[in-house]
$ cat coords28.cif   # mmCIF, C-alpha atoms; chains and numbers go by the auth columns
data_work
#
loop_
_atom_site.group_PDB
_atom_site.id
_atom_site.type_symbol
_atom_site.label_atom_id
_atom_site.label_comp_id
_atom_site.label_asym_id
_atom_site.label_seq_id
_atom_site.Cartn_x
_atom_site.Cartn_y
_atom_site.Cartn_z
_atom_site.B_iso_or_equiv
_atom_site.auth_seq_id
_atom_site.auth_asym_id
ATOM 1 C CA MET A 1 77.180 88.286 71.021 0.00 1 A
ATOM 2 C CA ILE A 2 78.087 91.461 69.191 0.00 2 A
ATOM 3 C CA TYR A 3 76.689 94.831 70.284 0.00 3 A
ATOM 4 C CA LEU A 4 76.486 97.668 67.774 0.00 4 A
ATOM 5 C CA LEU A 5 75.427 101.268 68.290 0.00 5 A
ATOM 6 C CA LEU A 6 73.475 102.825 65.437 0.00 6 A
ATOM 7 C CA GLY A 7 73.101 106.569 65.152 0.00 7 A
ATOM 8 C CA SER A 8 71.788 109.117 62.656 0.00 8 A
ATOM 9 C CA ASN A 9 71.437 112.877 62.898 0.00 9 A
ATOM 10 C CA ILE A 10 70.672 113.884 59.316 0.00 10 A
ATOM 11 C CA GLU A 11 67.029 114.925 59.114 0.00 11 A
ATOM 12 C CA ASP A 12 66.395 115.011 55.388 0.00 12 A
ATOM 13 C CA ALA A 13 63.441 113.810 53.272 0.00 13 A
ATOM 14 C CA LYS A 14 64.039 110.204 54.386 0.00 14 A
ATOM 15 C CA GLY A 15 64.681 111.009 58.029 0.00 15 A
ATOM 16 C CA ARG A 16 66.810 109.620 60.842 0.00 16 A
ATOM 17 C CA ALA A 17 64.464 106.717 61.635 0.00 17 A
ATOM 18 C CA PHE A 18 64.666 105.543 58.024 0.00 18 A
ATOM 19 C CA TYR A 19 68.465 105.413 58.146 0.00 19 A
ATOM 20 C CA LEU A 20 68.405 103.352 61.356 0.00 20 A
ATOM 21 C CA SER A 21 65.888 100.975 59.790 0.00 21 A
ATOM 22 C CA GLU A 22 67.985 100.628 56.650 0.00 22 A
ATOM 23 C CA ALA A 23 71.104 99.925 58.727 0.00 23 A
ATOM 24 C CA ARG A 24 69.252 97.195 60.658 0.00 24 A
ATOM 25 C CA ARG A 25 67.981 95.640 57.427 0.00 25 A
ATOM 26 C CA LEU A 26 71.409 95.607 55.797 0.00 26 A
ATOM 27 C CA LEU A 27 73.167 94.324 58.933 0.00 27 A
ATOM 28 C CA SER A 28 70.722 91.434 59.194 0.00 28 A
ATOM 29 C CA GLU A 29 71.100 90.689 55.481 0.00 29 A
ATOM 30 C CA LYS A 30 74.903 90.950 55.264 0.00 30 A
ATOM 31 C CA LEU A 31 75.650 89.149 58.535 0.00 31 A
ATOM 32 C CA GLN A 32 72.795 86.663 58.035 0.00 32 A
ATOM 33 C CA VAL A 33 71.621 87.079 61.625 0.00 33 A
ATOM 34 C CA GLU A 34 68.534 88.077 63.535 0.00 34 A
ATOM 35 C CA LEU A 35 69.001 91.387 65.316 0.00 35 A
ATOM 36 C CA TYR A 36 67.670 92.154 68.775 0.00 36 A
ATOM 37 C CA CYS A 37 67.097 95.858 69.235 0.00 37 A
ATOM 38 C CA THR A 38 66.652 98.339 72.053 0.00 38 A
ATOM 39 C CA GLU A 39 64.288 101.235 71.897 0.00 39 A
ATOM 40 C CA ILE A 40 65.341 104.232 69.833 0.00 40 A
ATOM 41 C CA ILE A 41 66.301 107.288 71.851 0.00 41 A
ATOM 42 C CA GLU A 42 67.139 110.856 70.883 0.00 42 A
ATOM 43 C CA THR A 43 70.399 112.337 72.153 0.00 43 A
ATOM 44 C CA GLU A 44 72.337 115.529 71.623 0.00 44 A
ATOM 45 C CA ALA A 45 75.472 115.398 69.488 0.00 45 A
ATOM 46 C CA VAL A 46 78.600 114.586 71.513 0.00 46 A
ATOM 47 C CA GLY A 47 81.898 116.279 70.671 0.00 47 A
ATOM 48 C CA PHE A 48 80.511 118.744 68.123 0.00 48 A
ATOM 49 C CA GLU A 49 77.643 121.158 67.491 0.00 49 A
ATOM 50 C CA GLY A 50 75.175 119.277 65.333 0.00 50 A
ATOM 51 C CA GLY A 51 71.647 118.031 65.075 0.00 51 A
ATOM 52 C CA ALA A 52 70.227 115.590 67.607 0.00 52 A
ATOM 53 C CA PHE A 53 70.842 111.896 67.002 0.00 53 A
ATOM 54 C CA LEU A 54 68.497 108.965 67.026 0.00 54 A
ATOM 55 C CA ASN A 55 70.418 106.083 68.629 0.00 55 A
ATOM 56 C CA GLN A 56 69.774 102.391 69.091 0.00 56 A
ATOM 57 C CA VAL A 57 71.808 99.389 70.211 0.00 57 A
ATOM 58 C CA VAL A 58 71.402 96.123 68.340 0.00 58 A
ATOM 59 C CA LYS A 59 72.825 92.758 69.289 0.00 59 A
ATOM 60 C CA ALA A 60 73.265 89.564 67.345 0.00 60 A
ATOM 61 C CA ASP A 61 74.698 86.126 67.864 0.00 61 A
ATOM 62 C CA TYR A 62 77.580 86.495 65.428 0.00 62 A
ATOM 63 C CA PRO A 63 80.852 84.633 65.962 0.00 63 A
ATOM 64 C CA ILE A 64 84.027 86.657 66.476 0.00 64 A
ATOM 65 C CA ASP A 65 87.029 84.484 67.304 0.00 65 A
ATOM 66 C CA ASN A 66 89.981 86.708 66.435 0.00 66 A
ATOM 67 C CA GLU A 67 91.083 90.134 65.206 0.00 67 A
ATOM 68 C CA ASP A 68 90.550 89.175 61.560 0.00 68 A
ATOM 69 C CA ASP A 69 86.895 88.349 62.306 0.00 69 A
ATOM 70 C CA ALA A 70 86.472 91.670 64.124 0.00 70 A
ATOM 71 C CA LEU A 71 88.010 93.605 61.236 0.00 71 A
ATOM 72 C CA LYS A 72 85.711 91.806 58.779 0.00 72 A
ATOM 73 C CA LEU A 73 82.766 92.941 60.921 0.00 73 A
ATOM 74 C CA LEU A 74 84.139 96.500 60.865 0.00 74 A
ATOM 75 C CA ASN A 75 84.406 96.332 57.068 0.00 75 A
ATOM 76 C CA VAL A 76 80.784 95.173 56.806 0.00 76 A
ATOM 77 C CA CYS A 77 79.654 98.019 59.079 0.00 77 A
ATOM 78 C CA GLN A 78 81.607 100.628 57.139 0.00 78 A
ATOM 79 C CA GLY A 79 80.362 99.198 53.820 0.00 79 A
ATOM 80 C CA ILE A 80 76.772 99.550 55.037 0.00 80 A
ATOM 81 C CA GLU A 81 77.440 103.142 56.135 0.00 81 A
ATOM 82 C CA ILE A 82 78.723 103.946 52.640 0.00 82 A
ATOM 83 C CA ALA A 83 75.802 102.117 50.964 0.00 83 A
ATOM 84 C CA ILE A 84 73.348 104.213 52.993 0.00 84 A
ATOM 85 C CA GLY A 85 75.088 107.453 52.023 0.00 85 A
ATOM 86 C CA ARG A 86 77.872 108.221 54.460 0.00 86 A
ATOM 87 C CA PRO A 87 81.162 109.257 52.836 0.00 87 A
ATOM 88 C CA ALA A 88 84.048 106.787 53.172 0.00 88 A
ATOM 89 C CA HIS A 89 85.816 106.983 56.507 0.00 89 A
ATOM 90 C CA SER A 90 88.679 109.372 56.855 0.00 90 A
ATOM 91 C CA ALA A 91 89.260 110.679 60.345 0.00 91 A
ATOM 92 C CA VAL A 92 89.751 114.434 60.621 0.00 92 A
ATOM 93 C CA PHE A 93 91.870 115.933 63.404 0.00 93 A
ATOM 94 C CA ASP A 94 92.246 119.515 64.606 0.00 94 A
ATOM 95 C CA GLU A 95 95.493 121.392 65.256 0.00 95 A
ATOM 96 C CA LYS A 96 95.688 119.839 68.759 0.00 96 A
ATOM 97 C CA GLY A 97 95.471 116.345 67.294 0.00 97 A
ATOM 98 C CA GLU A 98 91.941 115.771 68.609 0.00 98 A
ATOM 99 C CA ARG A 99 89.334 114.021 66.465 0.00 99 A
ATOM 100 C CA VAL A 100 86.786 116.310 64.802 0.00 100 A
ATOM 101 C CA TYR A 101 83.246 114.918 64.527 0.00 101 A
ATOM 102 C CA SER A 102 80.438 115.990 62.205 0.00 102 A
ATOM 103 C CA ASP A 103 76.846 115.227 61.228 0.00 103 A
ATOM 104 C CA ARG A 104 76.268 111.836 59.638 0.00 104 A
ATOM 105 C CA VAL A 105 73.527 109.960 57.848 0.00 105 A
ATOM 106 C CA ILE A 106 74.433 106.765 59.700 0.00 106 A
ATOM 107 C CA ASP A 107 77.053 105.697 62.177 0.00 107 A
ATOM 108 C CA ILE A 108 77.571 102.054 63.143 0.00 108 A
ATOM 109 C CA ASP A 109 79.952 101.550 66.055 0.00 109 A
ATOM 110 C CA ILE A 110 81.054 98.186 67.408 0.00 110 A
ATOM 111 C CA LEU A 111 80.469 98.754 71.126 0.00 111 A
ATOM 112 C CA MET A 112 81.562 95.377 72.432 0.00 112 A
ATOM 113 C CA ILE A 113 81.803 91.678 71.723 0.00 113 A
ATOM 114 C CA ASP A 114 81.201 89.181 74.515 0.00 114 A
ATOM 115 C CA GLY A 115 84.479 87.633 75.637 0.00 115 A
ATOM 116 C CA PHE A 116 86.605 89.578 73.173 0.00 116 A
ATOM 117 C CA ALA A 117 88.865 92.616 73.354 0.00 117 A
ATOM 118 C CA MET A 118 91.379 94.087 70.945 0.00 118 A
ATOM 119 C CA GLU A 119 93.141 97.286 69.983 0.00 119 A
ATOM 120 C CA ASN A 120 94.917 98.228 66.792 0.00 120 A
ATOM 121 C CA GLU A 121 95.110 101.280 64.529 0.00 121 A
ATOM 122 C CA ARG A 122 91.646 100.598 62.996 0.00 122 A
ATOM 123 C CA LEU A 123 89.581 99.186 65.819 0.00 123 A
ATOM 124 C CA ARG A 124 89.320 99.081 69.589 0.00 124 A
ATOM 125 C CA ILE A 125 86.939 96.711 71.358 0.00 125 A
ATOM 126 C CA PRO A 126 85.274 97.549 73.666 0.00 126 A
ATOM 127 C CA HIS A 127 84.608 100.908 72.034 0.00 127 A
ATOM 128 C CA PRO A 128 86.769 103.547 73.756 0.00 128 A
ATOM 129 C CA GLN A 129 83.887 105.978 74.263 0.00 129 A
ATOM 130 C CA VAL A 130 81.234 103.584 75.576 0.00 130 A
ATOM 131 C CA GLU A 131 81.967 104.698 79.136 0.00 131 A
ATOM 132 C CA GLU A 132 81.928 108.408 78.216 0.00 132 A
ATOM 133 C CA ARG A 133 78.544 108.308 76.498 0.00 133 A
ATOM 134 C CA GLU A 134 75.927 107.659 79.152 0.00 134 A
ATOM 135 C CA PHE A 135 73.245 106.858 76.561 0.00 135 A
ATOM 136 C CA ALA A 136 75.398 104.130 74.970 0.00 136 A
ATOM 137 C CA GLY A 137 75.927 102.437 78.320 0.00 137 A
ATOM 138 C CA ARG A 138 72.237 102.749 79.163 0.00 138 A
ATOM 139 C CA LEU A 139 71.165 101.220 75.845 0.00 139 A
ATOM 140 C CA LEU A 140 73.789 98.500 76.173 0.00 140 A
ATOM 141 C CA LYS A 141 72.388 97.508 79.569 0.00 141 A
ATOM 142 C CA LEU A 142 68.895 97.276 78.076 0.00 142 A
ATOM 143 C CA CYS A 143 70.247 94.971 75.387 0.00 143 A
ATOM 144 C CA LYS A 144 71.963 92.454 77.689 0.00 144 A
#

$ encode --input "coords28.cif" --output "structure tokens"
Amino acid sequence: MIYLLLGSNIEDAKGRAFYLSEARRLLSEKLQVELYCTEIIETEAVGFEGGAFLNQVVKADYPIDNEDDALKLLNVCQGIEIAIGRPAHSAVFDEKGERVYSDRVIDIDILMIDGFAMENERLRIPHPQVEEREFAGRLLKLCK
């Protein structure tokens, strides 16, 4: 099973709930899987001053056997983010070398993959911040 965290904090004419729905639709379509979803919860932005997020964890029975499979999943997730309206990924760091976060139309994080772990310059599984974000852990537990 794969577990993905969806989040949106851009409240425009379409709205945060629309962006989550569109991400679910595209994930199901691109991965050709049925998604199982938790409730949607609202959380404050973490790591920056921004609008509140709507968050949801989705899981799917999608095979990941190696790092190449995991990176293909990452590429699908990032492609969906761009298709929905998020600018292409380019991490921004402050003068201390710490990551700078900002508002986003959609964010799709790979939280974990059953029986699989990895770490390279593009991807770390399980997600390094899953333990730091109480809401992510809480939603993940609801999904299992």

$ atom_distance --input "coords28.cif" --atom1 "atom CA of Pro126 of chain A" --atom2 "atom CA of Glu49 of chain A"
25.6 Å

$ atom_distance --input "coords28.cif" --atom1 "atom CA of Asp69 of chain A" --atom2 "atom CA of Glu81 of chain A"
18.6 Å

$ closest_residue --input "coords28.cif" --among "A:Phe48, A:Tyr62, A:Tyr101, A:Phe53" --to "Ser28 of chain A" --atoms "all atoms listed in the file"
A:Tyr62

$ axis_aligned_box --input "coords28.cif" --around "segment 27-35 of chain A" --padding-each-side "5 Å" --output "lines of an AutoDock Vina configuration file"
center_x = 72.1
center_y = 90.5
center_z = 60.3
size_x = 17.1
size_y = 17.7
size_z = 20.1

$ residues_around --input "coords28.cif" --residues "segment 111-117 of chain A" --least-positions-apart "6" --cutoff "8 Å" --atoms "only C-alpha atoms" --output "number ranges by chain"
A: 1-5, 64-65, 124-127, 130

$ atom_distance --input "coords28.cif" --atom1 "atom CA of Asn55 of chain A" --atom2 "atom CA of Val76 of chain A"
19.1 Å

$ closest_residue --input "coords28.cif" --among "A:Glu34, A:Ala45, A:Tyr19, A:Ala60" --to "Leu73 of chain A" --atoms "only C-alpha atoms"
A:Ala60

$ closest_residue --input "coords28.cif" --among "A:Val100, A:Leu20, A:Ala70, A:Ile106" --to "Pro87 of chain A" --atoms "only C-alpha atoms"
A:Ile106

$ closest_residue --input "coords28.cif" --among "A:Glu95, A:Glu29, A:Asp107, A:Glu121" --to "Arg16 of chain A" --atoms "all atoms listed in the file"
A:Asp107

$ closest_residue --input "coords28.cif" --among "A:Leu54, A:Val105, A:Ala83, A:Leu35" --to "Ala17 of chain A" --atoms "all atoms listed in the file"
A:Leu54

$ residues_around --input "coords28.cif" --residues "Leu123 of chain A" --least-positions-apart "5" --cutoff "8 Å" --atoms "all atoms listed in the file" --output "PyMOL selection string"
chain A and resi 71+74+118

$ closest_residue --input "coords28.cif" --among "A:Gln32, A:Ile110, A:Pro63, A:Gly7" --to "Glu44 of chain A" --atoms "all atoms listed in the file"
A:Gly7

$ residues_near_point --input "coords28.cif" --point "(67.9, 99.6, 69.0)" --cutoff "9 Å" --atoms "all atoms listed in the file" --output "VMD selection string"
chain A and resid 4 to 6 20 24 36 to 41 55 to 59 139 143

$ build_atoms --input "coords28.cif" --residues "segment 99-110 of chain A" --atoms "all heavy atoms" --output "PDB file, in the coordinates of the input"
ATOM      1  N   ARG A  99      90.261 114.416  67.521  1.00  0.00           N
ATOM      2  CA  ARG A  99      89.334 114.021  66.465  1.00  0.00           C
ATOM      3  C   ARG A  99      88.213 115.051  66.336  1.00  0.00           C
ATOM      4  O   ARG A  99      87.682 115.531  67.329  1.00  0.00           O
ATOM      5  CB  ARG A  99      88.745 112.652  66.803  1.00  0.00           C
ATOM      6  CG  ARG A  99      87.746 112.124  65.810  1.00  0.00           C
ATOM      7  CD  ARG A  99      88.376 111.159  64.851  1.00  0.00           C
ATOM      8  NE  ARG A  99      87.440 110.751  63.839  1.00  0.00           N
ATOM      9  CZ  ARG A  99      86.861 109.566  63.802  1.00  0.00           C
ATOM     10  NH1 ARG A  99      87.136 108.668  64.692  1.00  0.00           N
ATOM     11  NH2 ARG A  99      86.032 109.272  62.829  1.00  0.00           N
ATOM     12  N   VAL A 100      87.863 115.377  65.106  1.00  0.00           N
ATOM     13  CA  VAL A 100      86.786 116.310  64.802  1.00  0.00           C
ATOM     14  C   VAL A 100      85.605 115.492  64.274  1.00  0.00           C
ATOM     15  O   VAL A 100      85.751 114.718  63.330  1.00  0.00           O
ATOM     16  CB  VAL A 100      87.220 117.344  63.739  1.00  0.00           C
ATOM     17  CG1 VAL A 100      86.072 118.249  63.348  1.00  0.00           C
ATOM     18  CG2 VAL A 100      88.414 118.143  64.234  1.00  0.00           C
ATOM     19  N   TYR A 101      84.446 115.656  64.910  1.00  0.00           N
ATOM     20  CA  TYR A 101      83.246 114.918  64.527  1.00  0.00           C
ATOM     21  C   TYR A 101      82.301 115.821  63.756  1.00  0.00           C
ATOM     22  O   TYR A 101      82.365 117.048  63.864  1.00  0.00           O
ATOM     23  CB  TYR A 101      82.546 114.366  65.773  1.00  0.00           C
ATOM     24  CG  TYR A 101      83.375 113.313  66.473  1.00  0.00           C
ATOM     25  CD1 TYR A 101      84.184 113.643  67.554  1.00  0.00           C
ATOM     26  CD2 TYR A 101      83.357 111.999  66.039  1.00  0.00           C
ATOM     27  CE1 TYR A 101      84.955 112.683  68.191  1.00  0.00           C
ATOM     28  CE2 TYR A 101      84.121 111.031  66.677  1.00  0.00           C
ATOM     29  CZ  TYR A 101      84.912 111.374  67.749  1.00  0.00           C
ATOM     30  OH  TYR A 101      85.667 110.426  68.363  1.00  0.00           O
ATOM     31  N   SER A 102      81.385 115.213  62.996  1.00  0.00           N
ATOM     32  CA  SER A 102      80.438 115.990  62.205  1.00  0.00           C
ATOM     33  C   SER A 102      79.132 115.210  62.058  1.00  0.00           C
ATOM     34  O   SER A 102      79.050 114.039  62.434  1.00  0.00           O
ATOM     35  CB  SER A 102      81.026 116.301  60.824  1.00  0.00           C
ATOM     36  OG  SER A 102      81.286 115.096  60.129  1.00  0.00           O
ATOM     37  N   ASP A 103      78.129 115.871  61.491  1.00  0.00           N
ATOM     38  CA  ASP A 103      76.846 115.227  61.228  1.00  0.00           C
ATOM     39  C   ASP A 103      77.059 114.010  60.333  1.00  0.00           C
ATOM     40  O   ASP A 103      77.976 113.992  59.503  1.00  0.00           O
ATOM     41  CB  ASP A 103      75.905 116.214  60.525  1.00  0.00           C
ATOM     42  CG  ASP A 103      75.519 117.384  61.401  1.00  0.00           C
ATOM     43  OD1 ASP A 103      75.256 117.162  62.597  1.00  0.00           O
ATOM     44  OD2 ASP A 103      75.476 118.517  60.888  1.00  0.00           O
ATOM     45  N   ARG A 104      76.164 113.012  60.484  1.00  0.00           N
ATOM     46  CA  ARG A 104      76.268 111.836  59.638  1.00  0.00           C
ATOM     47  C   ARG A 104      74.898 111.178  59.431  1.00  0.00           C
ATOM     48  O   ARG A 104      74.078 111.138  60.340  1.00  0.00           O
ATOM     49  CB  ARG A 104      77.268 110.826  60.145  1.00  0.00           C
ATOM     50  CG  ARG A 104      77.297 110.594  61.614  1.00  0.00           C
ATOM     51  CD  ARG A 104      78.722 110.170  62.026  1.00  0.00           C
ATOM     52  NE  ARG A 104      78.876 110.030  63.447  1.00  0.00           N
ATOM     53  CZ  ARG A 104      79.244 110.986  64.286  1.00  0.00           C
ATOM     54  NH1 ARG A 104      79.495 112.184  63.838  1.00  0.00           N
ATOM     55  NH2 ARG A 104      79.381 110.751  65.559  1.00  0.00           N
ATOM     56  N   VAL A 105      74.746 110.666  58.222  1.00  0.00           N
ATOM     57  CA  VAL A 105      73.527 109.960  57.848  1.00  0.00           C
ATOM     58  C   VAL A 105      73.377 108.717  58.719  1.00  0.00           C
ATOM     59  O   VAL A 105      72.303 108.436  59.229  1.00  0.00           O
ATOM     60  CB  VAL A 105      73.561 109.580  56.347  1.00  0.00           C
ATOM     61  CG1 VAL A 105      72.467 108.603  55.994  1.00  0.00           C
ATOM     62  CG2 VAL A 105      73.470 110.821  55.491  1.00  0.00           C
ATOM     63  N   ILE A 106      74.454 107.977  58.880  1.00  0.00           N
ATOM     64  CA  ILE A 106      74.433 106.765  59.700  1.00  0.00           C
ATOM     65  C   ILE A 106      75.823 106.556  60.285  1.00  0.00           C
ATOM     66  O   ILE A 106      76.825 106.871  59.652  1.00  0.00           O
ATOM     67  CB  ILE A 106      73.975 105.519  58.899  1.00  0.00           C
ATOM     68  CG1 ILE A 106      73.707 104.324  59.827  1.00  0.00           C
ATOM     69  CG2 ILE A 106      74.983 105.160  57.829  1.00  0.00           C
ATOM     70  CD1 ILE A 106      72.489 104.453  60.691  1.00  0.00           C
ATOM     71  N   ASP A 107      75.811 106.062  61.501  1.00  0.00           N
ATOM     72  CA  ASP A 107      77.053 105.697  62.177  1.00  0.00           C
ATOM     73  C   ASP A 107      76.799 104.330  62.806  1.00  0.00           C
ATOM     74  O   ASP A 107      75.778 104.145  63.478  1.00  0.00           O
ATOM     75  CB  ASP A 107      77.385 106.739  63.252  1.00  0.00           C
ATOM     76  CG  ASP A 107      78.764 106.561  63.850  1.00  0.00           C
ATOM     77  OD1 ASP A 107      79.667 106.085  63.134  1.00  0.00           O
ATOM     78  OD2 ASP A 107      78.935 106.893  65.029  1.00  0.00           O
ATOM     79  N   ILE A 108      77.676 103.383  62.552  1.00  0.00           N
ATOM     80  CA  ILE A 108      77.571 102.054  63.143  1.00  0.00           C
ATOM     81  C   ILE A 108      78.868 101.797  63.890  1.00  0.00           C
ATOM     82  O   ILE A 108      79.918 101.639  63.276  1.00  0.00           O
ATOM     83  CB  ILE A 108      77.345 100.957  62.082  1.00  0.00           C
ATOM     84  CG1 ILE A 108      76.121 101.270  61.224  1.00  0.00           C
ATOM     85  CG2 ILE A 108      77.217  99.586  62.756  1.00  0.00           C
ATOM     86  CD1 ILE A 108      75.936 100.339  60.029  1.00  0.00           C
ATOM     87  N   ASP A 109      78.782 101.801  65.212  1.00  0.00           N
ATOM     88  CA  ASP A 109      79.952 101.550  66.055  1.00  0.00           C
ATOM     89  C   ASP A 109      79.856 100.162  66.665  1.00  0.00           C
ATOM     90  O   ASP A 109      78.788  99.756  67.134  1.00  0.00           O
ATOM     91  CB  ASP A 109      80.023 102.561  67.206  1.00  0.00           C
ATOM     92  CG  ASP A 109      80.390 103.955  66.751  1.00  0.00           C
ATOM     93  OD1 ASP A 109      81.027 104.090  65.694  1.00  0.00           O
ATOM     94  OD2 ASP A 109      80.038 104.914  67.459  1.00  0.00           O
ATOM     95  N   ILE A 110      80.980  99.452  66.690  1.00  0.00           N
ATOM     96  CA  ILE A 110      81.054  98.186  67.408  1.00  0.00           C
ATOM     97  C   ILE A 110      81.327  98.544  68.863  1.00  0.00           C
ATOM     98  O   ILE A 110      82.418  98.990  69.199  1.00  0.00           O
ATOM     99  CB  ILE A 110      82.161  97.273  66.847  1.00  0.00           C
ATOM    100  CG1 ILE A 110      81.926  97.004  65.358  1.00  0.00           C
ATOM    101  CG2 ILE A 110      82.225  95.968  67.649  1.00  0.00           C
ATOM    102  CD1 ILE A 110      83.091  96.302  64.659  1.00  0.00           C
TER     103      ILE A 110
END
